[in-house]
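Student: Structure: protein.cif, mmCIF, C-alpha atoms (C1' of nucleotides) and all ligand atoms.
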```cif
data_upload
#
loop_
_atom_site.label_atom_id
_atom_site.label_comp_id
_atom_site.auth_asym_id
_atom_site.auth_seq_id
_atom_site.Cartn_x
_atom_site.Cartn_y
_atom_site.Cartn_z
CA MET A 1437 -9.95 30.12 93.79
CA ALA A 1438 -8.07 27.75 91.53
CA SER A 1439 -9.24 27.77 87.94
CA GLU A 1440 -10.18 24.12 88.24
CA GLN A 1441 -12.69 24.96 90.96
CA LYS A 1442 -14.18 27.56 88.64
CA ILE A 1443 -14.42 25.04 85.83
CA LEU A 1444 -16.22 22.63 88.14
CA LEU A 1445 -18.67 25.33 89.27
CA GLU A 1446 -19.37 26.38 85.71
CA TYR A 1447 -20.00 22.79 84.76
CA LEU A 1448 -22.36 22.24 87.69
CA LYS A 1449 -24.31 25.38 86.84
CA SER A 1450 -24.58 24.41 83.20
CA LYS A 1451 -26.11 21.11 84.25
CA ASN A 1452 -28.35 22.54 86.98
CA ARG A 1453 -26.46 20.66 89.60
CA LYS A 1454 -25.32 21.86 92.98
CA GLN A 1455 -22.11 22.82 94.63
CA SER A 1456 -21.04 21.10 97.84
CA LYS A 1457 -18.23 21.34 100.35
CA GLN A 1458 -17.36 17.71 99.67
CA ARG A 1459 -16.85 18.31 95.98
CA THR A 1460 -14.64 21.31 96.58
CA GLU A 1461 -12.57 19.41 99.09
CA ILE A 1462 -12.20 16.31 96.95
CA LEU A 1463 -11.19 18.35 93.91
CA GLU A 1464 -8.65 20.24 96.01
CA LEU A 1465 -7.06 17.01 97.20
CA PHE A 1466 -7.22 15.47 93.74
CA LEU A 1467 -5.23 18.39 92.35
CA LYS A 1468 -2.60 17.96 95.06
CA SER A 1469 -2.25 14.21 94.58
CA PRO A 1470 0.22 12.42 92.34
CA ARG A 1471 -0.97 11.59 88.85
CA HIS A 1472 -2.54 8.21 88.04
CA LEU A 1473 -4.10 7.54 91.38
CA THR A 1474 -6.90 5.12 92.16
CA ALA A 1475 -10.24 6.05 93.70
CA ASN A 1476 -9.20 4.30 96.86
CA GLU A 1477 -5.90 6.16 97.06
CA LEU A 1478 -7.76 9.43 96.77
CA TYR A 1479 -10.28 8.23 99.36
CA ILE A 1480 -7.46 7.63 101.82
CA GLN A 1481 -6.22 11.20 101.33
CA VAL A 1482 -9.75 12.50 101.76
CA GLN A 1483 -10.15 10.49 104.96
CA LYS A 1484 -7.08 12.13 106.48
CA HIS A 1485 -8.44 15.54 105.68
CA ASN A 1486 -12.10 14.95 106.47
CA PRO A 1487 -13.17 11.54 107.82
CA ALA A 1488 -16.85 12.39 107.37
CA ILE A 1489 -16.67 12.00 103.62
CA GLY A 1490 -17.73 8.58 102.36
CA PHE A 1491 -16.08 6.70 99.53
CA ALA A 1492 -19.22 6.71 97.42
CA THR A 1493 -18.84 10.47 97.27
CA VAL A 1494 -15.23 10.14 96.18
CA TYR A 1495 -16.25 7.81 93.36
CA ARG A 1496 -19.11 10.07 92.36
CA THR A 1497 -16.93 13.14 92.38
CA LEU A 1498 -14.27 11.49 90.23
CA LYS A 1499 -16.95 10.63 87.69
CA LEU A 1500 -18.12 14.22 87.86
CA LEU A 1501 -14.61 15.55 87.31
CA CYS A 1502 -14.32 13.34 84.24
CA GLU A 1503 -17.61 14.68 82.89
CA SER A 1504 -16.45 18.24 83.41
CA GLY A 1505 -13.19 17.61 81.57
CA LEU A 1506 -10.95 18.01 84.62
CA CYS A 1507 -10.06 14.37 84.87
CA ARG A 1508 -9.48 11.34 82.70
CA GLU A 1509 -9.92 7.68 83.51
CA MET A 1510 -7.11 5.31 82.68
CA ALA A 1511 -6.97 1.53 83.11
CA LEU A 1512 -3.79 -0.46 83.45
CA GLU A 1513 -3.52 -4.22 83.44
CA ASP A 1514 -4.55 -4.75 87.05
CA GLY A 1515 -8.13 -3.80 86.34
CA VAL A 1516 -8.18 -0.89 88.77
CA THR A 1517 -9.20 2.42 87.27
CA ARG A 1518 -6.77 5.30 87.76
CA TYR A 1519 -7.61 8.95 87.46
CA GLU A 1520 -5.39 11.70 86.17
CA ARG A 1521 -5.69 15.44 85.74
CA GLN A 1522 -6.75 16.33 82.28
CA GLN A 1523 -6.85 20.14 82.38
CA GLY A 1524 -3.65 21.63 81.03
CA TYR A 1525 -2.30 18.28 79.92
CA GLU A 1526 -1.95 17.16 76.35
CA HIS A 1527 -2.92 13.72 75.18
CA HIS A 1528 -0.35 11.11 76.08
CA ASP A 1529 0.15 7.39 76.42
CA HIS A 1530 1.83 5.41 79.18
CA LEU A 1531 5.02 3.50 79.68
CA VAL A 1532 4.75 1.31 82.77
CA CYS A 1533 7.37 -0.57 84.79
CA THR A 1534 6.05 -4.02 85.64
CA LYS A 1535 8.40 -4.30 88.63
CA CYS A 1536 7.96 -1.06 90.54
CA GLY A 1537 4.85 0.39 88.92
CA LYS A 1538 6.53 3.59 87.74
CA VAL A 1539 4.50 5.34 85.03
CA VAL A 1540 6.05 7.58 82.38
CA GLU A 1541 3.90 9.67 80.08
CA VAL A 1542 4.93 9.50 76.45
CA VAL A 1543 3.86 10.83 73.08
CA ASP A 1544 5.18 9.88 69.66
CA GLN A 1545 3.74 11.89 66.80
CA THR A 1546 4.54 9.22 64.24
CA ILE A 1547 2.55 6.70 66.23
CA GLU A 1548 -0.32 9.14 66.60
CA SER A 1549 -0.52 9.81 62.88
CA HIS A 1550 -0.29 6.13 61.99
CA GLN A 1551 -3.13 5.42 64.36
CA GLY A 1552 -5.15 7.89 62.34
CA ARG A 1553 -4.20 5.99 59.19
CA LEU A 1554 -5.42 2.73 60.71
CA PHE A 1555 -8.82 4.25 61.50
CA LYS A 1556 -9.07 5.47 57.92
CA LYS A 1557 -7.85 2.21 56.42
CA TYR A 1558 -10.64 0.23 58.12
CA GLY A 1559 -13.34 2.84 57.65
CA PHE A 1560 -13.71 3.71 61.33
CA HIS A 1561 -14.68 7.15 62.58
CA PRO A 1562 -11.96 7.74 65.21
CA GLN A 1563 -12.91 8.47 68.79
CA ARG A 1564 -9.97 7.72 71.03
CA HIS A 1565 -7.20 5.28 71.68
CA ARG A 1566 -5.12 3.86 74.44
CA MET A 1567 -1.62 2.57 74.29
CA GLU A 1568 0.40 1.15 77.12
CA LEU A 1569 3.97 -0.04 76.91
CA TYR A 1570 5.01 -2.49 79.61
CA GLY A 1571 8.64 -3.10 80.46
CA ILE A 1572 11.24 -2.91 83.19
CA CYS A 1573 12.73 0.45 84.03
CA LYS A 1574 16.44 1.16 84.31
CA ASP A 1575 16.43 1.18 88.11
CA CYS A 1576 14.68 -2.17 88.34
CA VAL A 1577 16.95 -3.80 85.74
CA LYS A 1578 19.89 -2.58 87.81
CA GLY A 1579 18.27 -4.04 90.93
CA GLU A 1580 17.80 -7.40 89.22
CA LYS A 1581 21.45 -7.63 88.23
CA ALA A 1582 22.64 -6.49 91.67
CA GLY A 1583 20.19 -8.51 93.77
CA MET B 76 -5.23 -34.90 67.52
CA ALA B 77 -5.00 -31.19 66.86
CA SER B 78 -1.55 -29.77 67.39
CA GLU B 79 -2.93 -27.49 70.08
CA GLN B 80 -3.93 -30.52 72.14
CA LYS B 81 -0.40 -31.81 71.78
CA ILE B 82 1.03 -28.50 72.89
CA LEU B 83 -1.18 -28.56 75.95
CA LEU B 84 -0.14 -32.11 76.83
CA GLU B 85 3.52 -31.27 76.39
CA TYR B 86 3.10 -28.27 78.62
CA LEU B 87 1.31 -30.28 81.31
CA LYS B 88 4.01 -32.95 81.26
CA SER B 89 6.78 -30.39 81.50
CA LYS B 90 5.15 -28.98 84.63
CA ASN B 91 4.26 -32.35 86.18
CA ARG B 92 0.61 -31.59 85.85
CA LYS B 93 -2.16 -33.88 84.72
CA GLN B 94 -4.36 -34.29 81.74
CA SER B 95 -8.14 -34.30 82.14
CA LYS B 96 -11.20 -34.78 79.96
CA GLN B 97 -12.42 -31.35 80.96
CA ARG B 98 -9.28 -29.66 79.75
CA THR B 99 -9.38 -31.43 76.42
CA GLU B 100 -13.02 -30.56 75.96
CA ILE B 101 -12.60 -26.92 76.94
CA LEU B 102 -9.63 -26.48 74.64
CA GLU B 103 -11.56 -28.08 71.80
CA LEU B 104 -14.46 -25.68 72.24
CA PHE B 105 -12.12 -22.73 72.71
CA LEU B 106 -10.52 -23.47 69.34
CA LYS B 107 -13.93 -23.60 67.67
CA SER B 108 -15.17 -20.36 69.24
CA PRO B 109 -14.94 -16.89 67.75
CA ARG B 110 -11.90 -14.86 68.73
CA HIS B 111 -11.98 -12.43 71.67
CA LEU B 112 -14.48 -14.29 73.77
CA THR B 113 -15.06 -13.89 77.48
CA ALA B 114 -14.73 -16.66 80.05
CA ASN B 115 -18.48 -16.61 80.47
CA GLU B 116 -19.12 -16.92 76.74
CA LEU B 117 -16.88 -19.95 76.62
CA TYR B 118 -18.57 -21.36 79.72
CA ILE B 119 -21.94 -21.16 77.94
CA GLN B 120 -20.54 -23.14 75.02
CA VAL B 121 -19.08 -25.67 77.42
CA GLN B 122 -22.41 -26.00 79.20
CA LYS B 123 -24.16 -26.90 75.96
CA HIS B 124 -21.60 -29.58 75.30
CA ASN B 125 -21.15 -30.90 78.81
CA PRO B 126 -23.24 -29.42 81.64
CA ALA B 127 -21.16 -31.18 84.27
CA ILE B 128 -18.24 -28.81 83.82
CA GLY B 129 -18.19 -25.93 86.27
CA PHE B 130 -17.19 -22.39 85.44
CA ALA B 131 -14.26 -22.44 87.84
CA THR B 132 -12.76 -25.09 85.60
CA VAL B 133 -13.31 -22.93 82.55
CA TYR B 134 -11.51 -20.05 84.23
CA ARG B 135 -8.71 -22.31 85.38
CA THR B 136 -8.30 -23.85 81.97
CA LEU B 137 -8.16 -20.46 80.25
CA LYS B 138 -5.38 -19.45 82.63
CA LEU B 139 -3.64 -22.71 81.82
CA LEU B 140 -3.96 -22.11 78.10
CA CYS B 141 -2.38 -18.70 78.56
CA GLU B 142 0.52 -20.23 80.49
CA SER B 143 1.07 -22.78 77.77
CA GLY B 144 1.15 -20.13 75.06
CA LEU B 145 -2.07 -21.22 73.36
CA CYS B 146 -4.07 -18.25 74.51
CA ARG B 147 -3.68 -14.58 75.24
CA GLU B 148 -5.66 -12.38 77.57
CA MET B 149 -6.95 -9.09 76.29
CA ALA B 150 -8.85 -6.41 78.19
CA LEU B 151 -11.08 -3.87 76.54
CA GLU B 152 -12.65 -0.88 78.23
CA ASP B 153 -15.57 -2.74 79.81
CA GLY B 154 -13.32 -4.46 82.31
CA VAL B 155 -14.16 -7.98 81.16
CA THR B 156 -11.19 -10.08 80.15
CA ARG B 157 -11.34 -11.64 76.68
CA TYR B 158 -9.32 -14.58 75.51
CA GLU B 159 -7.97 -15.17 72.05
CA ARG B 160 -5.99 -17.92 70.35
CA GLN B 161 -2.35 -17.17 70.32
CA GLN B 162 -0.85 -20.16 68.48
CA GLY B 163 -0.36 -19.44 64.81
CA TYR B 164 -1.28 -15.81 65.18
CA GLU B 165 1.13 -12.96 64.93
CA HIS B 166 1.15 -10.11 67.36
CA HIS B 167 -1.60 -7.61 66.64
CA ASP B 168 -3.51 -4.75 68.18
CA HIS B 169 -7.23 -4.04 68.16
CA LEU B 170 -9.59 -1.61 66.51
CA VAL B 171 -12.93 -1.64 68.31
CA CYS B 172 -16.33 -0.25 67.33
CA THR B 173 -17.90 1.45 70.35
CA LYS B 174 -21.41 1.00 68.92
CA CYS B 175 -21.60 -2.64 67.89
CA GLY B 176 -18.51 -4.09 69.54
CA LYS B 177 -16.91 -5.31 66.32
CA VAL B 178 -13.19 -6.01 66.76
CA VAL B 179 -10.67 -5.76 63.92
CA GLU B 180 -7.12 -6.99 64.35
CA VAL B 181 -4.52 -4.57 63.07
CA VAL B 182 -0.75 -4.24 62.81
CA ASP B 183 1.27 -1.26 61.70
CA GLN B 184 4.99 -1.86 61.48
CA THR B 185 5.83 1.81 61.82
CA ILE B 186 3.93 1.95 65.09
CA GLU B 187 5.62 -1.22 66.30
CA SER B 188 9.09 0.13 65.60
CA HIS B 189 8.35 3.49 67.18
CA GLN B 190 7.13 1.71 70.28
CA GLY B 191 10.53 0.09 70.42
CA ARG B 192 12.12 3.51 70.18
CA LEU B 193 10.04 4.76 73.11
CA PHE B 194 11.20 1.89 75.30
CA LYS B 195 14.80 2.69 74.39
CA LYS B 196 14.38 6.44 74.83
CA TYR B 197 13.24 6.00 78.44
CA GLY B 198 15.62 3.20 79.31
CA PHE B 199 12.99 0.49 79.68
CA HIS B 200 13.60 -3.15 78.91
CA PRO B 201 10.60 -3.91 76.65
CA GLN B 202 8.18 -6.68 77.58
CA ARG B 203 4.89 -6.12 75.79
CA HIS B 204 2.39 -3.51 74.82
CA ARG B 205 -1.27 -3.05 74.17
CA MET B 206 -2.93 -0.64 71.85
CA GLU B 207 -6.62 -0.25 71.28
CA LEU B 208 -8.21 2.14 68.84
CA TYR B 209 -11.84 3.01 69.61
CA GLY B 210 -14.14 4.43 66.97
CA ILE B 211 -17.35 3.83 65.04
CA CYS B 212 -17.29 1.38 62.18
CA LYS B 213 -18.63 2.11 58.71
CA ASP B 214 -21.84 0.12 59.24
CA CYS B 215 -22.66 1.90 62.47
CA VAL B 216 -21.94 5.35 61.02
CA LYS B 217 -24.31 4.48 58.18
CA GLY B 218 -26.91 3.36 60.70
CA GLU B 219 -26.60 6.63 62.61
CA LYS B 220 -27.21 8.71 59.50
CA ALA B 221 -30.12 6.53 58.36
CA GLY B 222 -31.84 6.14 61.72
"C1'" DG C 912 -34.71 34.86 106.19
"C1'" DA C 913 -38.29 31.31 105.32
"C1'" DT C 914 -40.03 27.87 101.91
"C1'" DA C 915 -40.08 24.22 98.98
"C1'" DA C 916 -38.21 21.68 95.31
"C1'" DT C 917 -34.30 19.36 94.05
"C1'" DC C 918 -29.80 17.64 94.59
"C1'" DT C 919 -26.23 15.46 97.33
"C1'" DT C 920 -24.59 12.67 100.93
"C1'" DG C 921 -23.17 8.54 103.68
"C1'" DA C 922 -24.18 4.01 104.93
"C1'" DT C 923 -25.26 -0.02 103.17
"C1'" DA C 924 -26.51 -3.36 99.97
"C1'" DA C 925 -25.89 -5.12 95.49
"C1'" DA C 926 -23.65 -6.14 91.31
"C1'" DG C 927 -20.35 -8.44 88.43
"C1'" DA C 928 -15.97 -10.65 87.42
"C1'" DT C 929 -12.56 -13.42 89.18
"C1'" DT C 930 -10.19 -16.23 92.70
"C1'" DA C 931 -9.85 -19.17 96.94
"C1'" DT C 932 -11.44 -23.11 99.59
"C1'" DC C 933 -12.19 -27.85 100.22
"C1'" DA C 934 -14.03 -32.49 100.13
"C1'" DA C 935 -14.61 -35.80 96.58
"C1'" DT C 936 -12.91 -37.63 92.38
"C1'" DT C 937 -9.54 -38.56 88.86
"C1'" DT C 938 -4.97 -39.17 87.03
"C1'" DC C 939 -0.63 -41.46 86.49
"C1'" DA C 940 3.86 -43.18 87.74
"C1'" DA C 941 5.56 -46.90 90.17
"C1'" DT D 1450 -3.27 -52.14 91.48
"C1'" DT D 1451 -2.01 -48.63 94.44
"C1'" DG D 1452 -1.27 -44.32 96.51
"C1'" DA D 1453 0.43 -39.73 96.27
"C1'" DA D 1454 -0.70 -35.72 94.00
"C1'" DA D 1455 -3.44 -33.01 90.93
"C1'" DT D 1456 -8.05 -31.72 89.41
"C1'" DT D 1457 -12.79 -30.92 89.82
"C1'" DG D 1458 -17.37 -28.66 90.98
"C1'" DA D 1459 -19.86 -26.22 94.29
"C1'" DT D 1460 -19.63 -22.59 97.01
"C1'" DA D 1461 -17.89 -18.81 99.46
"C1'" DA D 1462 -14.98 -14.99 99.36
"C1'" DT D 1463 -12.75 -11.05 97.25
"C1'" DC D 1464 -12.39 -6.76 95.05
"C1'" DT D 1465 -13.86 -2.79 92.57
"C1'" DT D 1466 -17.60 -0.20 91.34
"C1'" DT D 1467 -22.54 1.05 91.24
"C1'" DA D 1468 -27.38 1.32 93.05
"C1'" DT D 1469 -30.56 2.38 96.80
"C1'" DC D 1470 -32.57 5.38 99.98
"C1'" DA D 1471 -33.55 8.12 104.03
"C1'" DA D 1472 -31.50 12.20 105.94
"C1'" DG D 1473 -29.29 16.45 105.21
"C1'" DA D 1474 -27.63 20.39 102.22
"C1'" DT D 1475 -28.27 23.71 98.46
"C1'" DT D 1476 -30.56 27.04 95.61
"C1'" DA D 1477 -34.09 29.80 93.47
"C1'" DT D 1478 -38.14 32.23 94.82
"C1'" DC D 1479 -40.69 34.86 97.67
ZN ZN E 1601 10.76 0.25 87.80
ZN ZN E 1602 -0.92 9.89 82.31
ZN ZN E 1603 -19.78 -1.14 64.52
ZN ZN E 1604 -7.14 -10.14 68.61
#
```
Would you encode the structure as structure tokens?
Ligand SMILES: [Zn+2]
Ligand SMILES: [Zn+2]
Ligand SMILES: [Zn+2]
Ligand SMILES: [Zn+2]
Tutor:
Amino acid sequence: MASEQKILLEYLKSKNRKQSKQRTEILELFLKSPRHLTANELYIQVQKHNPAIGFATVYRTLKLLCESGLCREMALEDGVTRYERQQGYEHHDHLVCTKCGKVVEVVDQTIESHQGRLFKKYGFHPQRHRMELYGICKDCVKGEKAG
Amino acid sequence: MASEQKILLEYLKSKNRKQSKQRTEILELFLKSPRHLTANELYIQVQKHNPAIGFATVYRTLKLLCESGLCREMALEDGVTRYERQQGYEHHDHLVCTKCGKVVEVVDQTIESHQGRLFKKYGFHPQRHRMELYGICKDCVKGEKAG
DNA sequence: GATAATCTTGATAAAGATTATCAATTTCAA
DNA sequence: TTGAAATTGATAATCTTTATCAAGATTATC
């Protein structure tokens, strides 16, 4: 069994909650899916695999995965929540192409440390941050010039 | 007439669109309102001033103000779009208290320049960015310890 | 394995923010 | 003043996400 499944089971036990076939299946498909996918995108995958699973369960399971630390929510400009694997991934921010939707994960240590300085400067106890850079990727710039 | 009203009129003319009392009134109240307000918060102000104005018009006018450069949209984690005056304000990012909702506007030039480096590093033509820092402000930390 | 308490599920409704529709009204250039 | 075109307000529709709830699944206990 994948270590993520174990983490989920441990989490469920620790909270006196129950295992289910649906949860196992949804986690399995989540792990196989591309990063930064929406609940609906995952639901479509789940439907192909097992049409009996409803989308409320997909939503609920994604929330559960976030609670257990396996998943992280992320919101881009379109207002639709995306979900990405958290386990085994370091913190990162996102660079997004506004033409094709490509998402690149980025980290800049100087930015990270200056964010910490901003929290301190204004007397805030830091919790988290989000940073998104929006631009046009190389391929799409090329396309614009060509087309 | 406030220079913002002139800017709006100029913009409308340039796009062959028309002036209206509602637009003037909504802009006037928008300029008087606190920064980072939601469409609904502005609608409530508008209602007090002129109950005949519908909320669709408030939404439409906020979009118009954004087009004309007088206003900027900003989305926090709760999924509700906020609007803030753009004219006469430099670019800035936001530091948000997750307890009381206080919003502080911040700029760090080192962060800004490193964002530029990230765009370059990954071959993106830069358009814009958003950065939000979430934490607990001094007052709320104090409250937690006291209460 | 049976039992019972509790949790989870799927279908559906509901919520909440924003946008689309459309007839009536207003604006503005001619 | 006139008439084409834009705007308005009311309302419905959309879209994502959450709440509800009866029916079914899970788990600890015997
Ligand atoms: Zn691209
Ligand atoms: Zn990511
Ligand atoms: Zn606070
Ligand atoms: Zn601001």
Student: At a cut-off of 8 Å, using all atoms listed in the file, what residues contact range 145-157 of chain B? Leave out same-chain residues fewer than 3 positions from it and give the result as JSON, numbers by chain.
Tutor: {"A": [1511, 1513, 1515], "B": [79, 82, 83, 111, 112, 113, 114, 137, 140, 141, 142, 160, 161, 162, 207], "C": [928]}
Student: Could you work out how far CA of Val171 in chain B lies from CA of Cys212 in chain B, giving the answer in Å with one decimal?
Tutor: 8.1 Å
Student: Identify every residue of chain D that has at least one atom within 8 Å of any atom of chain A, counting only C-alpha atoms (C1' of nucleotides), and report the result as a ChimeraX atom specification.
Tutor: /D:1465,1474-1476
Student: What residues of the protein or nucleic acid chains come within 8 Å of ligand ZN 1602 (chain E) when you use only C-alpha atoms (C1' of nucleotides) and all ligand atoms? Reply as a count of residues only.
Tutor: 10
Student: What are the residues of chain C lining chain B at 12 Å or less? Count all atoms listed in the file, and put the answer as an MDAnalysis selection string.
Tutor: chainID C and resid 927:931 936:940
Student: Keeping only C-alpha atoms (C1' of nucleotides), write the selected residues as an mmCIF file, in the coordinates of the input.
Tutor:
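Result file follows (result25.cif):
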```cif
data_model
loop_
_atom_site.group_PDB
_atom_site.id
_atom_site.type_symbol
_atom_site.label_atom_id
_atom_site.label_comp_id
_atom_site.auth_asym_id
_atom_site.auth_seq_id
_atom_site.Cartn_x
_atom_site.Cartn_y
_atom_site.Cartn_z
ATOM 1 C "C1'" DG C 927 -20.350 -8.440 88.430
ATOM 2 C "C1'" DA C 928 -15.970 -10.650 87.420
ATOM 3 C "C1'" DT C 929 -12.560 -13.420 89.180
ATOM 4 C "C1'" DT C 930 -10.190 -16.230 92.700
ATOM 5 C "C1'" DA C 931 -9.850 -19.170 96.940
ATOM 6 C "C1'" DT C 936 -12.910 -37.630 92.380
ATOM 7 C "C1'" DT C 937 -9.540 -38.560 88.860
ATOM 8 C "C1'" DT C 938 -4.970 -39.170 87.030
ATOM 9 C "C1'" DC C 939 -0.630 -41.460 86.490
ATOM 10 C "C1'" DA C 940 3.860 -43.180 87.740
#
```
Student: Dump as a ChimeraX atom specification the residues of chain A that approach chain B to within 12 Å, counting only C-alpha atoms.
Tutor: /A:1509-1517,1529-1535,1538-1578,1580
Student: By how many Å are CA of Ile101 in chain B and atom ZN of ligand ZN 1603 (chain E) apart?
Tutor: 29.5 Å
Student: CA of Glu103 in chain B and CA of Phe130 in chain B, how far apart in Å?
Tutor: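 Between CA of Phe130 in chain B and CA of Glu103 in chain B the gap works out to 15.8 Å.
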Student: Name the residues in contact with Gln1481 in chain A at a cut-off of 10 Å, using all atoms listed in the file, excluding same-chain residues fewer than 3 positions from it; report them as a list in words.
Tutor: Ile1462, Leu1465, Phe1466, Lys1468, Ser1469, Asn1476, Glu1477, Leu1478, Lys1484, His1485, Asn1486 and Pro1487 of chain A
Student: With 8 Å added on each side, what axis-aligned box encloses every listed atom of range 1439-1444 of chain A? Give the centre and edge lengths in Å to one decimal, as AutoDock Vina command-line options.
Tutor:
```
--center_x -12.7 --center_y 25.2 --center_z 88.4 --size_x 23.0 --size_y 21.1 --size_z 21.1
```
Student: For ligand ZN 1601 (chain E), which of A:Ala1488, A:Cys1536, A:Leu1500, A:Ile1480 is the closest residue, counting only C-alpha atoms and all ligand atoms?
Tutor: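 Smallest separation from ligand ZN 1601 (chain E) among the options: A:Cys1536.
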